[in-house]
file upload-v9.cif (mmCIF, C-alpha atoms)
data_entry
#
loop_
_atom_site.label_atom_id
_atom_site.label_comp_id
_atom_site.auth_asym_id
_atom_site.auth_seq_id
_atom_site.Cartn_x
_atom_site.Cartn_y
_atom_site.Cartn_z
CA MET A 1 -9.72 6.40 -49.98
CA ALA A 2 -9.19 9.18 -47.50
CA LEU A 3 -6.94 8.24 -44.59
CA LYS A 4 -9.60 8.77 -41.96
CA GLU A 5 -10.30 5.27 -40.74
CA ARG A 6 -8.52 4.14 -37.53
CA TYR A 7 -6.14 1.66 -39.15
CA ALA A 8 -5.67 3.41 -42.49
CA ARG A 9 -2.06 4.40 -41.86
CA LEU A 10 -1.24 0.97 -40.51
CA ARG A 11 -2.52 -0.61 -43.72
CA LEU A 12 0.17 1.30 -45.60
CA PHE A 13 2.84 -0.61 -43.72
CA GLY A 14 4.62 -2.74 -46.28
CA HIS A 15 6.54 -5.30 -44.26
CA ALA A 16 3.61 -7.23 -42.83
CA ASP A 17 -0.15 -7.29 -42.69
CA LEU A 18 -0.88 -5.52 -39.43
CA SER A 19 -4.55 -6.47 -39.58
CA LYS A 20 -3.46 -9.96 -38.49
CA LEU A 21 -2.82 -8.48 -35.06
CA ARG A 22 -6.58 -8.67 -34.51
CA SER A 23 -6.25 -12.41 -33.95
CA LYS A 24 -3.37 -12.08 -31.50
CA ARG A 25 -3.48 -12.32 -27.73
CA VAL A 26 -0.71 -10.73 -25.70
CA ALA A 27 -0.18 -10.90 -21.92
CA ILE A 28 1.54 -7.97 -20.24
CA ILE A 29 2.99 -8.62 -16.80
CA GLY A 30 3.30 -5.33 -14.95
CA VAL A 31 1.61 -2.17 -16.18
CA GLY A 32 3.85 0.41 -14.56
CA GLY A 33 6.05 2.87 -16.40
CA LEU A 34 6.96 0.40 -19.11
CA GLY A 35 4.01 -1.98 -19.31
CA ALA A 36 1.40 0.76 -19.49
CA LEU A 37 3.12 2.29 -22.50
CA SER A 38 3.57 -1.05 -24.21
CA ALA A 39 -0.10 -1.83 -23.60
CA GLU A 40 -1.12 1.46 -25.17
CA ILE A 41 1.09 0.92 -28.23
CA LEU A 42 -0.26 -2.60 -28.78
CA ALA A 43 -3.83 -1.42 -28.27
CA ARG A 44 -3.45 1.35 -30.83
CA LEU A 45 -1.92 -1.15 -33.25
CA GLY A 46 -5.07 -3.23 -32.94
CA VAL A 47 -3.89 -6.33 -31.08
CA GLY A 48 -7.00 -8.45 -30.51
CA GLU A 49 -6.75 -9.05 -26.80
CA LEU A 50 -4.51 -7.79 -24.04
CA VAL A 51 -4.29 -9.71 -20.77
CA LEU A 52 -2.91 -7.48 -18.05
CA PHE A 53 -1.41 -8.43 -14.68
CA ASP A 54 -0.41 -6.06 -11.88
CA TYR A 55 -1.31 -6.06 -8.19
CA ASP A 56 -0.17 -2.50 -7.63
CA THR A 57 -2.18 0.70 -7.33
CA VAL A 58 -1.55 4.02 -9.04
CA GLU A 59 0.44 6.37 -6.82
CA ALA A 60 1.29 10.02 -7.34
CA ALA A 61 4.91 8.96 -7.90
CA ASN A 62 3.79 6.99 -10.98
CA LEU A 63 2.37 10.04 -12.71
CA ASN A 64 5.73 11.05 -14.19
CA ARG A 65 5.53 7.99 -16.45
CA LEU A 66 2.69 8.88 -18.79
CA VAL A 67 -0.69 7.18 -19.27
CA TYR A 68 -2.05 7.45 -15.72
CA ARG A 69 -3.96 10.54 -14.65
CA THR A 70 -4.04 12.35 -11.34
CA ALA A 71 -7.68 11.36 -10.82
CA GLN A 72 -6.66 7.69 -11.02
CA VAL A 73 -4.38 7.78 -7.96
CA GLY A 74 -5.48 5.00 -5.63
CA GLN A 75 -7.02 2.84 -8.37
CA LYS A 76 -5.63 -0.56 -9.27
CA LYS A 77 -3.27 -0.06 -12.20
CA VAL A 78 -4.91 -2.73 -14.33
CA ARG A 79 -8.31 -1.09 -13.86
CA ALA A 80 -6.97 2.37 -14.62
CA ILE A 81 -5.14 1.22 -17.74
CA ARG A 82 -8.13 -0.77 -18.95
CA ALA A 83 -10.25 2.37 -19.03
CA HIS A 84 -7.47 4.18 -20.84
CA LEU A 85 -7.02 1.44 -23.44
CA ARG A 86 -10.71 1.14 -24.11
CA ALA A 87 -10.87 4.86 -24.69
CA ALA A 88 -7.87 4.65 -27.01
CA ASN A 89 -9.18 1.71 -29.03
CA PRO A 90 -12.56 0.13 -28.25
CA ASP A 91 -11.77 -2.73 -30.67
CA VAL A 92 -9.30 -4.24 -28.24
CA ARG A 93 -10.49 -6.70 -25.62
CA VAL A 94 -8.78 -6.11 -22.29
CA THR A 95 -8.69 -8.69 -19.53
CA SER A 96 -7.22 -7.50 -16.26
CA HIS A 97 -5.94 -9.43 -13.26
CA PRO A 98 -5.10 -7.25 -10.24
CA TYR A 99 -2.94 -9.91 -8.63
CA ASP A 100 0.67 -10.85 -7.94
CA VAL A 101 1.61 -13.39 -10.63
CA THR A 102 3.87 -15.27 -8.24
CA ASP A 103 1.18 -16.20 -5.76
CA GLY A 104 -2.41 -17.34 -5.25
CA LYS A 105 -5.00 -16.08 -7.72
CA GLY A 106 -2.38 -14.31 -9.79
CA LEU A 107 -0.35 -17.47 -10.33
CA VAL A 108 -3.49 -19.44 -11.15
CA ALA A 109 -4.61 -16.77 -13.62
CA LEU A 110 -1.16 -16.55 -15.19
CA SER A 111 -0.97 -20.33 -15.59
CA LYS A 112 -4.35 -20.30 -17.27
CA GLU A 113 -3.91 -17.25 -19.47
CA ALA A 114 -0.28 -17.14 -20.57
CA PRO A 115 -0.10 -20.53 -22.32
CA ARG A 116 -3.03 -19.38 -24.47
CA CYS A 117 -1.26 -16.19 -25.48
CA ASP A 118 0.85 -15.61 -28.57
CA LEU A 119 3.31 -13.57 -26.59
CA VAL A 120 4.11 -12.41 -23.06
CA LEU A 121 5.62 -9.00 -22.40
CA GLY A 122 7.59 -8.89 -19.15
CA CYS A 123 7.49 -5.38 -17.72
CA VAL A 124 8.43 -6.14 -14.13
CA ASP A 125 10.98 -4.49 -11.89
CA THR A 126 12.73 -7.36 -10.13
CA PHE A 127 15.10 -10.04 -11.33
CA ALA A 128 13.30 -12.65 -9.26
CA VAL A 129 10.06 -12.19 -11.19
CA ARG A 130 11.94 -11.88 -14.50
CA LEU A 131 13.57 -15.23 -13.90
CA PHE A 132 10.24 -16.68 -12.81
CA LEU A 133 8.50 -15.49 -15.98
CA ASN A 134 11.42 -16.74 -18.03
CA ALA A 135 11.17 -20.22 -16.51
CA LYS A 136 7.39 -20.33 -16.95
CA CYS A 137 7.42 -19.09 -20.54
CA VAL A 138 10.19 -21.53 -21.49
CA ALA A 139 8.16 -24.35 -19.94
CA TRP A 140 4.97 -23.22 -21.68
CA ARG A 141 6.85 -22.52 -24.91
CA VAL A 142 5.38 -19.05 -25.14
CA PRO A 143 7.68 -16.27 -26.41
CA LEU A 144 8.62 -13.68 -23.81
CA ILE A 145 9.91 -10.18 -24.43
CA ASP A 146 11.37 -8.70 -21.29
CA GLY A 147 12.02 -5.00 -21.03
CA GLY A 148 13.65 -2.96 -18.33
CA ALA A 149 15.44 0.24 -17.47
CA SER A 150 18.55 0.80 -15.38
CA GLU A 151 18.42 2.15 -11.84
CA ASP A 152 19.70 5.54 -12.95
CA GLY A 153 16.86 5.78 -15.46
CA VAL A 154 18.87 6.46 -18.64
CA ASN A 155 19.67 3.01 -20.00
CA GLY A 156 17.41 0.16 -20.93
CA SER A 157 17.29 -3.25 -22.50
CA VAL A 158 14.95 -5.58 -24.32
CA HIS A 159 15.41 -9.31 -24.23
CA VAL A 160 13.53 -11.56 -26.65
CA ILE A 161 13.14 -15.14 -25.51
CA VAL A 162 11.76 -17.59 -28.04
CA PRO A 163 11.75 -20.94 -26.24
CA GLY A 164 13.82 -23.55 -28.04
CA SER A 165 15.27 -20.95 -30.36
CA THR A 166 16.92 -17.99 -28.65
CA PRO A 167 18.87 -17.83 -25.36
CA CYS A 168 16.63 -17.52 -22.33
CA TYR A 169 16.99 -14.87 -19.65
CA ARG A 170 19.10 -17.15 -17.48
CA CYS A 171 21.52 -17.81 -20.36
CA ASN A 172 22.20 -14.10 -20.43
CA LYS A 173 25.19 -13.76 -18.15
CA PRO A 174 25.84 -10.04 -18.81
CA ALA A 175 22.36 -9.13 -17.63
CA LEU A 176 22.59 -11.29 -14.55
CA ALA A 177 25.94 -9.84 -13.57
CA ASP A 178 24.74 -6.25 -13.76
CA SER A 179 27.18 -4.36 -11.54
CA SER A 180 24.79 -1.44 -11.21
CA ALA A 181 22.56 -3.63 -9.06
CA ALA A 182 25.10 -3.40 -6.26
CA ARG A 183 24.78 0.35 -5.91
CA PRO A 184 22.74 1.65 -2.98
CA THR A 185 19.32 2.92 -3.93
CA ARG A 186 18.10 6.38 -3.16
CA ARG A 187 15.44 6.70 -0.53
CA GLU A 188 12.85 9.40 -0.89
CA ASP A 189 10.33 8.42 1.74
CA ASP A 190 9.90 5.70 4.31
CA ARG A 191 7.93 3.25 2.23
CA ALA A 192 9.98 1.61 -0.43
CA CYS A 193 13.07 1.29 -2.57
CA HIS A 194 13.26 3.94 -5.24
CA PHE A 195 14.96 4.06 -8.56
CA ALA A 196 15.06 6.90 -10.98
CA SER A 197 12.47 6.54 -13.72
CA LEU A 198 12.49 8.72 -16.81
CA PRO A 199 9.43 8.67 -19.04
CA THR A 200 11.71 9.22 -22.05
CA THR A 201 13.72 6.06 -21.38
CA MET A 202 10.55 4.13 -20.61
CA ALA A 203 9.04 5.23 -23.91
CA VAL A 204 12.18 4.16 -25.81
CA VAL A 205 12.23 0.76 -24.14
CA ALA A 206 8.46 0.27 -24.58
CA SER A 207 8.78 1.14 -28.26
CA LEU A 208 11.67 -1.26 -28.75
CA GLN A 209 9.78 -3.95 -26.89
CA CYS A 210 6.70 -3.49 -29.06
CA GLN A 211 8.77 -3.33 -32.25
CA GLU A 212 10.21 -6.75 -31.42
CA ALA A 213 6.73 -7.92 -30.48
CA LEU A 214 5.42 -6.92 -33.90
CA LYS A 215 8.24 -8.73 -35.68
CA LEU A 216 7.67 -11.82 -33.62
CA LEU A 217 3.89 -11.83 -33.93
CA LEU A 218 3.82 -11.14 -37.66
CA ARG A 219 7.06 -12.89 -38.59
CA PHE A 220 8.91 -10.20 -40.43
CA GLY A 221 12.34 -8.66 -40.06
CA SER A 222 14.99 -10.06 -37.77
CA VAL A 223 14.24 -10.49 -34.07
CA VAL A 224 17.00 -9.15 -31.82
CA PRO A 225 17.80 -11.54 -28.95
CA PHE A 226 19.14 -8.79 -26.69
CA LEU A 227 19.09 -5.09 -27.38
CA GLN A 228 20.65 -2.52 -25.10
CA TYR A 229 19.90 1.17 -25.13
CA PHE A 230 22.44 3.63 -23.73
CA GLY A 231 20.65 6.91 -23.24
CA LEU A 232 23.61 9.10 -22.32
CA GLU A 233 25.46 8.12 -25.47
CA GLY A 234 22.39 7.81 -27.66
CA ARG A 235 23.46 4.34 -28.66
CA LEU A 236 21.63 1.09 -29.42
CA GLU A 237 23.61 -2.10 -29.25
CA ARG A 238 22.49 -5.45 -30.56
CA VAL A 239 24.03 -8.22 -28.47
CA GLU A 240 24.36 -11.62 -30.06
CA MET A 241 24.21 -14.42 -27.56
CA ARG A 242 24.22 -18.17 -27.72
CA ARG A 243 22.10 -20.51 -25.74
CA ASP A 244 23.89 -22.03 -22.78
CA PRO A 245 23.58 -25.82 -23.15
CA ARG A 246 23.96 -26.11 -19.38
CA CYS A 247 21.36 -23.47 -18.60
CA PRO A 248 19.17 -24.80 -15.75
CA THR A 249 16.09 -23.31 -17.44
CA CYS A 250 16.43 -24.02 -21.15
CA GLY A 251 19.64 -26.03 -21.54
CA ARG A 252 19.65 -29.43 -23.15
CA THR A 253 21.83 -30.93 -20.41
CA ARG A 254 20.11 -29.39 -17.42
CA MET B 255 18.07 -38.09 7.34
CA PRO B 256 16.61 -37.16 3.96
CA ARG B 257 18.66 -38.56 1.12
CA LEU B 258 17.47 -36.01 -1.36
CA VAL B 259 19.71 -33.10 -0.55
CA ARG B 260 21.54 -32.32 -3.72
CA ASP B 261 25.29 -32.53 -4.00
CA TYR B 262 26.36 -30.69 -7.11
CA GLY B 263 29.94 -31.84 -6.70
CA GLU B 264 33.05 -29.80 -7.23
CA LYS B 265 32.50 -29.60 -10.96
CA TYR B 266 29.28 -27.65 -10.66
CA LEU B 267 30.00 -25.73 -7.50
CA ARG B 268 29.26 -22.11 -8.24
CA MET B 269 29.53 -20.77 -4.73
CA GLU B 270 32.51 -19.50 -2.84
CA ASP B 271 31.90 -21.67 0.16
CA ASP B 272 31.78 -25.42 0.72
CA LEU B 273 28.78 -24.76 2.91
CA PHE B 274 26.65 -24.58 -0.19
CA TYR B 275 27.14 -28.27 -0.85
CA PHE B 276 24.47 -29.05 1.66
CA LEU B 277 22.26 -26.01 1.43
CA GLN B 278 20.55 -27.00 -1.78
CA CYS B 279 17.49 -29.13 -2.34
CA ALA B 280 16.93 -31.81 -4.96
CA THR B 281 13.16 -31.75 -5.09
CA VAL B 282 11.67 -28.93 -7.10
CA ALA B 283 8.11 -28.53 -5.89
CA SER B 284 5.89 -25.60 -4.99
CA PRO B 285 3.72 -25.47 -1.86
CA LYS B 286 0.59 -26.47 -3.78
CA GLU B 287 2.22 -29.52 -5.36
CA PRO B 288 2.20 -33.05 -3.91
CA ALA B 289 6.01 -33.26 -3.77
CA TRP B 290 6.11 -30.20 -1.51
CA ARG B 291 6.24 -32.54 1.47
CA ASP B 292 9.62 -33.83 0.28
CA ARG B 293 10.82 -30.34 -0.49
CA ALA B 294 9.76 -29.09 2.95
CA ALA B 295 11.70 -31.96 4.57
CA GLU B 296 14.77 -31.03 2.55
CA GLU B 297 14.36 -27.40 3.54
CA ARG B 298 14.29 -28.37 7.22
CA TYR B 299 17.33 -30.59 6.77
CA ALA B 300 19.31 -27.88 4.99
CA LEU B 301 18.36 -25.35 7.64
CA ASP B 302 19.39 -27.68 10.46
CA ARG B 303 22.79 -28.23 8.83
CA PHE B 304 23.18 -24.49 8.36
CA VAL B 305 22.42 -23.83 12.02
CA GLU B 306 24.88 -26.56 13.04
CA TYR B 307 27.47 -24.89 10.87
CA LEU B 308 26.80 -21.54 12.52
CA ARG B 309 26.85 -23.03 16.00
CA PHE B 310 29.98 -25.14 15.76
CA LEU B 311 32.12 -23.53 13.09
CA GLU B 312 31.25 -19.86 13.14
CA GLY B 313 30.23 -19.67 16.78
CA ASP B 314 27.47 -17.24 15.86
CA GLU B 315 23.99 -18.69 15.74
CA TRP B 316 22.48 -15.53 14.35
CA ILE B 317 19.27 -17.09 13.05
CA ALA B 318 16.61 -19.28 14.66
CA ILE B 319 13.61 -19.85 12.46
CA ARG B 320 10.95 -22.58 12.25
CA PRO B 321 7.84 -23.19 10.17
CA THR B 322 4.60 -22.09 11.81
CA SER B 323 2.60 -25.04 10.47
CA ALA B 324 2.94 -28.38 8.74
CA THR B 325 2.62 -26.74 5.34
CA ALA B 326 5.90 -24.89 6.01
CA THR B 327 4.98 -21.90 3.90
CA ARG B 328 5.45 -19.39 6.70
CA TRP B 329 8.50 -19.42 8.93
CA THR B 330 9.02 -17.24 11.96
CA GLY B 331 11.84 -16.77 14.43
CA LYS B 332 14.61 -14.42 15.44
CA VAL B 333 17.66 -12.87 13.88
CA ARG B 334 20.49 -11.82 16.18
CA HIS B 335 23.36 -9.46 15.73
CA ARG B 336 25.80 -8.10 18.31
CA GLY B 337 23.71 -8.92 21.33
CA ARG B 338 20.37 -7.75 19.92
CA GLU B 339 17.62 -9.83 18.40
CA TRP B 340 14.59 -9.10 16.24
CA ASP B 341 11.55 -11.00 15.03
CA ALA B 342 11.84 -12.34 11.52
CA GLU B 343 9.26 -13.80 9.15
CA LEU B 344 9.69 -15.63 5.88
CA VAL B 345 6.86 -16.32 3.48
CA LEU B 346 7.03 -18.82 0.66
CA LYS B 347 4.66 -17.91 -2.12
CA ASP B 348 2.88 -20.40 -4.35
CA SER B 349 5.59 -19.93 -6.97
CA TYR B 350 8.40 -20.83 -4.55
CA PRO B 351 11.07 -22.13 -5.24
CA HIS B 352 10.96 -20.44 -8.66
CA VAL B 353 11.08 -17.15 -6.79
CA PRO B 354 13.00 -16.59 -3.54
CA PRO B 355 11.21 -16.30 -0.18
CA ALA B 356 9.91 -12.93 0.92
CA CYS B 357 11.42 -11.88 4.24
CA ARG B 358 10.34 -9.32 6.78
CA ILE B 359 12.11 -8.10 9.90
CA PRO B 360 9.58 -5.52 11.10
CA GLU B 361 11.70 -3.76 13.72
CA LEU B 362 14.42 -3.02 11.21
CA MET B 363 12.14 -2.02 8.36
CA HIS B 364 11.79 1.63 9.29
CA TYR B 365 15.40 2.57 9.11
CA THR B 366 16.62 1.40 5.80
CA ASP B 367 16.08 1.75 2.11
CA ARG B 368 16.55 -1.98 1.66
CA LYS B 369 12.89 -2.76 1.53
CA VAL B 370 10.11 -3.05 -0.99
CA ASP B 371 6.37 -3.50 -1.08
CA ASP B 372 5.45 -7.10 -1.64
CA GLY B 373 2.05 -8.20 -2.90
CA VAL B 374 1.73 -10.93 -0.29
CA LEU B 375 3.88 -9.98 2.66
CA GLY B 376 3.59 -6.21 2.59
CA LEU B 377 6.83 -4.43 3.35
CA ARG B 378 9.73 -6.84 3.00
CA ILE B 379 13.48 -6.62 2.82
CA CYS B 380 14.80 -5.74 -0.57
CA ASP B 381 16.84 -8.39 -2.31
CA MET B 382 18.25 -6.11 -4.97
CA HIS B 383 21.75 -6.60 -3.66
CA MET B 384 21.68 -10.29 -4.41
CA GLU B 385 21.10 -9.49 -8.03
CA ARG B 386 24.69 -8.55 -8.68
CA ASN B 387 25.29 -12.08 -9.71
CA TYR B 388 21.87 -13.54 -9.37
CA TRP B 389 22.33 -16.93 -7.82
CA TRP B 390 18.83 -18.03 -6.92
CA ASP B 391 17.48 -21.08 -8.71
CA GLU B 392 14.82 -23.61 -7.83
CA HIS B 393 17.32 -25.79 -5.97
CA ALA B 394 18.31 -22.97 -3.65
CA SER B 395 16.87 -23.29 -0.15
CA ILE B 396 15.64 -21.10 2.66
CA ALA B 397 18.97 -21.77 4.35
CA MET B 398 20.81 -20.41 1.31
CA TYR B 399 18.58 -17.38 1.24
CA LEU B 400 19.35 -16.71 4.89
CA LYS B 401 23.06 -17.18 4.29
CA ARG B 402 23.38 -15.23 1.05
CA GLU B 403 20.76 -12.58 1.51
CA VAL B 404 19.36 -12.04 4.98
CA SER B 405 22.72 -12.24 6.80
CA TYR B 406 24.20 -9.46 4.66
CA TRP B 407 21.04 -7.41 4.90
CA VAL B 408 20.99 -7.60 8.70
CA GLN B 409 24.68 -6.78 8.98
CA SER B 410 24.46 -3.79 6.68
CA VAL B 411 21.26 -2.45 8.23
CA VAL B 412 22.47 -2.83 11.81
CA LYS B 413 25.76 -1.17 10.92
CA ASP B 414 23.86 1.69 9.32
CA MET B 415 21.53 2.04 12.30
CA ARG B 416 24.41 2.03 14.78
CA GLY B 417 26.17 4.65 12.67
CA LYS B 418 23.13 6.86 12.93
CA GLY B 419 22.81 6.28 16.66
CA TRP B 420 19.54 4.41 16.39
CA LEU B 421 20.87 1.28 18.09
#
call {"tool": "encode", "arguments": {"input": "upload-v9.cif", "output": "structure tokens"}}
result
Amino acid sequence: MALKERYARLRLFGHADLSKLRSKRVAIIGVGGLGALSAEILARLGVGELVLFDYDTVEAANLNRLVYRTAQVGQKKVRAIRAHLRAANPDVRVTSHPYDVTDGKGLVALSKEAPRCDLVLGCVDTFAVRLFLNAKCVAWRVPLIDGGASEDGVNGSVHVIVPGSTPCYRCNKPALADSSAARPTRREDDRACHFASLPTTMAVVASLQCQEALKLLLRFGSVVPFLQYFGLEGRLERVEMRRDPRCPTCGRTR
Amino acid sequence: MPRLVRDYGEKYLRMEDDLFYFLQCATVASPKEPAWRDRAAEERYALDRFVEYLRFLEGDEWIAIRPTSATATRWTGKVRHRGREWDAELVLKDSYPHVPPACRIPELMHYTDRKVDDGVLGLRICDMHMERNYWWDEHASIAMYLKREVSYWVQSVVKDMRGKGWL
């Protein structure tokens, strides 16, 4: 058979049956630099349904991070990415929620959607929301894969949280005590905090996040609890952690 | 006096200050949940103790903030520093206390990079600097947020503004 059909090359993958992704449902919280790329990767892989959350709109400053187009500036990110994903793979169902997941309609939608998902990808940019998603996913017993990049834009990390099995985000003391968070941020205009954001780092982190997602969804290989990427050194580091029995989120003695 | 305010005891004390004994709440409930009434009472109690602490021990009552309604999801008041005062607003989202409050001090927002866009509140102060050793959990209170976040934010911003001749 000629390799012309959409999934032909994926069928050659020998470690798992990627066609099973069609029955999977993945929520992606935040479709900015990281989440948009992860959504595209999962869509092209043929994940059955993607449930997207983001209250933000596309700004010109987002255009350095792939996916979004100049003509989409001003559109809600979830609407813009939905059009993009449908164009990339019409087989994928995309549900979008243009709301803040920590409040009102967004929280209601998240509480309804996430427990029905096979996996949640956390692609947010604040620790507060990371910890919130962590607590919710642990409570719902839905696996969470959090991804993020450092403020200087060259390092990143991926944290896989399988409730009841791997350490949760709050168990992860090195991540919580990130000294880089104390550095002042660079201000470029009068609207908001700004961090450097490199599309290369975002693509690396998104790829790592989706690689772990694949392993988790299709149960092959070895899931990495915490993976750090150091861009300046070109180094990947697998960090082995243990669950904290006194963790207020997932600990047995909390 | 509410009896629910949590005392972690010396064994579990993670803070550098005894003040934090009485700035935490026992009830974990969000504004849309029935137990929010208890939580709101604990929040008021913790805040009153914090203000007493400021008044009598520090001699610097830099914050005065009260809920705007019985639901206690929006709090307004003043922050003071070196003889000046500014309006302050705190909003508790539906996911509070799993996420910290969002705080806005409009008159200071224009001069600093410590601010972010918030989906509910609009422009709010940035709490990135409390992430160094992220301490917020669902027992943390508004009073703790004021003590561990807003106080440092105001001090650093006012210092910066004075340095630039804006105050």
call {"tool": "closest_residue", "arguments": {"input": "upload-v9.cif", "among": "A:Gly234, A:Gly104, A:Gly221, A:Pro245", "to": "chain B", "atoms": "only C-alpha atoms"}}
result
A:Gly104
call {"tool": "residues_near_point", "arguments": {"input": "upload-v9.cif", "point": "(6.0, -22.2, -8.1)", "cutoff": "8 Å", "atoms": "only C-alpha atoms", "output": "MDAnalysis selection string"}}
result
(chainID A and resid 102) or (chainID B and resid 283:285 347:353)
call {"tool": "resolve_selection", "arguments": {"input": "upload-v9.cif", "expression": "the PyMOL selection byres ((chain B and resi 408) around 9)", "output": "MDAnalysis selection string"}}
result
chainID B and resid 333:335 359 362 403:407 409:413
call {"tool": "residues_around", "arguments": {"input": "upload-v9.cif", "residues": "segment 312-327 of chain B", "least_positions_apart": "6", "cutoff": "10 Å", "atoms": "all atoms listed in the file", "output": "VMD selection string"}}
result
chain B and resid 284 to 286 290 to 291 293 to 295 297 to 298 301 to 302 304 to 306 333 to 348 350 355 397 400 to 401 404 to 405 408
call {"tool": "write_last_selection", "arguments": {"input": "upload-v9.cif", "atoms": "C-alpha atoms", "output": "mmCIF file, in the coordinates of the input"}}
result
data_model
loop_
_atom_site.group_PDB
_atom_site.id
_atom_site.type_symbol
_atom_site.label_atom_id
_atom_site.label_comp_id
_atom_site.auth_asym_id
_atom_site.auth_seq_id
_atom_site.Cartn_x
_atom_site.Cartn_y
_atom_site.Cartn_z
ATOM 1 C CA SER B 284 5.890 -25.600 -4.990
ATOM 2 C CA PRO B 285 3.720 -25.470 -1.860
ATOM 3 C CA LYS B 286 0.590 -26.470 -3.780
ATOM 4 C CA TRP B 290 6.110 -30.200 -1.510
ATOM 5 C CA ARG B 291 6.240 -32.540 1.470
ATOM 6 C CA ARG B 293 10.820 -30.340 -0.490
ATOM 7 C CA ALA B 294 9.760 -29.090 2.950
ATOM 8 C CA ALA B 295 11.700 -31.960 4.570
ATOM 9 C CA GLU B 297 14.360 -27.400 3.540
ATOM 10 C CA ARG B 298 14.290 -28.370 7.220
ATOM 11 C CA LEU B 301 18.360 -25.350 7.640
ATOM 12 C CA ASP B 302 19.390 -27.680 10.460
ATOM 13 C CA PHE B 304 23.180 -24.490 8.360
ATOM 14 C CA VAL B 305 22.420 -23.830 12.020
ATOM 15 C CA GLU B 306 24.880 -26.560 13.040
ATOM 16 C CA VAL B 333 17.660 -12.870 13.880
ATOM 17 C CA ARG B 334 20.490 -11.820 16.180
ATOM 18 C CA HIS B 335 23.360 -9.460 15.730
ATOM 19 C CA ARG B 336 25.800 -8.100 18.310
ATOM 20 C CA GLY B 337 23.710 -8.920 21.330
ATOM 21 C CA ARG B 338 20.370 -7.750 19.920
ATOM 22 C CA GLU B 339 17.620 -9.830 18.400
ATOM 23 C CA TRP B 340 14.590 -9.100 16.240
ATOM 24 C CA ASP B 341 11.550 -11.000 15.030
ATOM 25 C CA ALA B 342 11.840 -12.340 11.520
ATOM 26 C CA GLU B 343 9.260 -13.800 9.150
ATOM 27 C CA LEU B 344 9.690 -15.630 5.880
ATOM 28 C CA VAL B 345 6.860 -16.320 3.480
ATOM 29 C CA LEU B 346 7.030 -18.820 0.660
ATOM 30 C CA LYS B 347 4.660 -17.910 -2.120
ATOM 31 C CA ASP B 348 2.880 -20.400 -4.350
ATOM 32 C CA TYR B 350 8.400 -20.830 -4.550
ATOM 33 C CA PRO B 355 11.210 -16.300 -0.180
ATOM 34 C CA ALA B 397 18.970 -21.770 4.350
ATOM 35 C CA LEU B 400 19.350 -16.710 4.890
ATOM 36 C CA LYS B 401 23.060 -17.180 4.290
ATOM 37 C CA VAL B 404 19.360 -12.040 4.980
ATOM 38 C CA SER B 405 22.720 -12.240 6.800
ATOM 39 C CA VAL B 408 20.990 -7.600 8.700
#
call {"tool": "closest_residue", "arguments": {"input": "upload-v9.cif", "among": "A:Val78, A:Ile145, A:Val92, A:Val101", "to": "Gly46 of chain A", "atoms": "all atoms listed in the file"}}
result
A:Val92
call {"tool": "resolve_selection", "arguments": {"input": "upload-v9.cif", "expression": "the PyMOL selection byres ((chain A and resi 143) around 12)", "output": "ChimeraX atom specification"}}
result
/A:25-27,114-122,133-142,144-146,159-169,212-213,215-217,223,225
call {"tool": "resolve_selection", "arguments": {"input": "upload-v9.cif", "expression": "the PyMOL selection byres ((chain A and resi 65) around 6)", "output": "JSON, numbers by chain"}}
result
{"A": [33, 62, 63, 64, 66, 199]}
call {"tool": "closest_residue", "arguments": {"input": "upload-v9.cif", "among": "B:Ala289, B:Gln278, B:Asp391, B:Arg303", "to": "chain A", "atoms": "all atoms listed in the file"}}
result
B:Asp391
call {"tool": "closest_residue", "arguments": {"input": "upload-v9.cif", "among": "B:Cys279, B:Ile379, B:Leu311, B:Cys357", "to": "chain A", "atoms": "all atoms listed in the file"}}
result
B:Ile379
call {"tool": "atom_distance", "arguments": {"input": "upload-v9.cif", "atom1": "atom CA of Leu232 of chain A", "atom2": "atom CA of Leu198 of chain A"}}
result
12.4 Å
call {"tool": "atom_distance", "arguments": {"input": "upload-v9.cif", "atom1": "atom CA of Ser207 of chain A", "atom2": "atom CA of Val124 of chain A"}}
result
15.9 Å
call {"tool": "closest_residue", "arguments": {"input": "upload-v9.cif", "among": "A:Ala128, A:Leu218, A:Cys250, A:Val47", "to": "chain B", "atoms": "only C-alpha atoms"}}
result
A:Ala128
call {"tool": "closest_residue", "arguments": {"input": "upload-v9.cif", "among": "A:Pro90, A:Gly48, A:Gly147, A:Gly14", "to": "Val31 of chain A", "atoms": "all atoms listed in the file"}}
result
A:Gly147
call {"tool": "atom_distance", "arguments": {"input": "upload-v9.cif", "atom1": "atom CA of Ile41 of chain A", "atom2": "atom CA of Leu208 of chain A"}}
result
10.8 Å
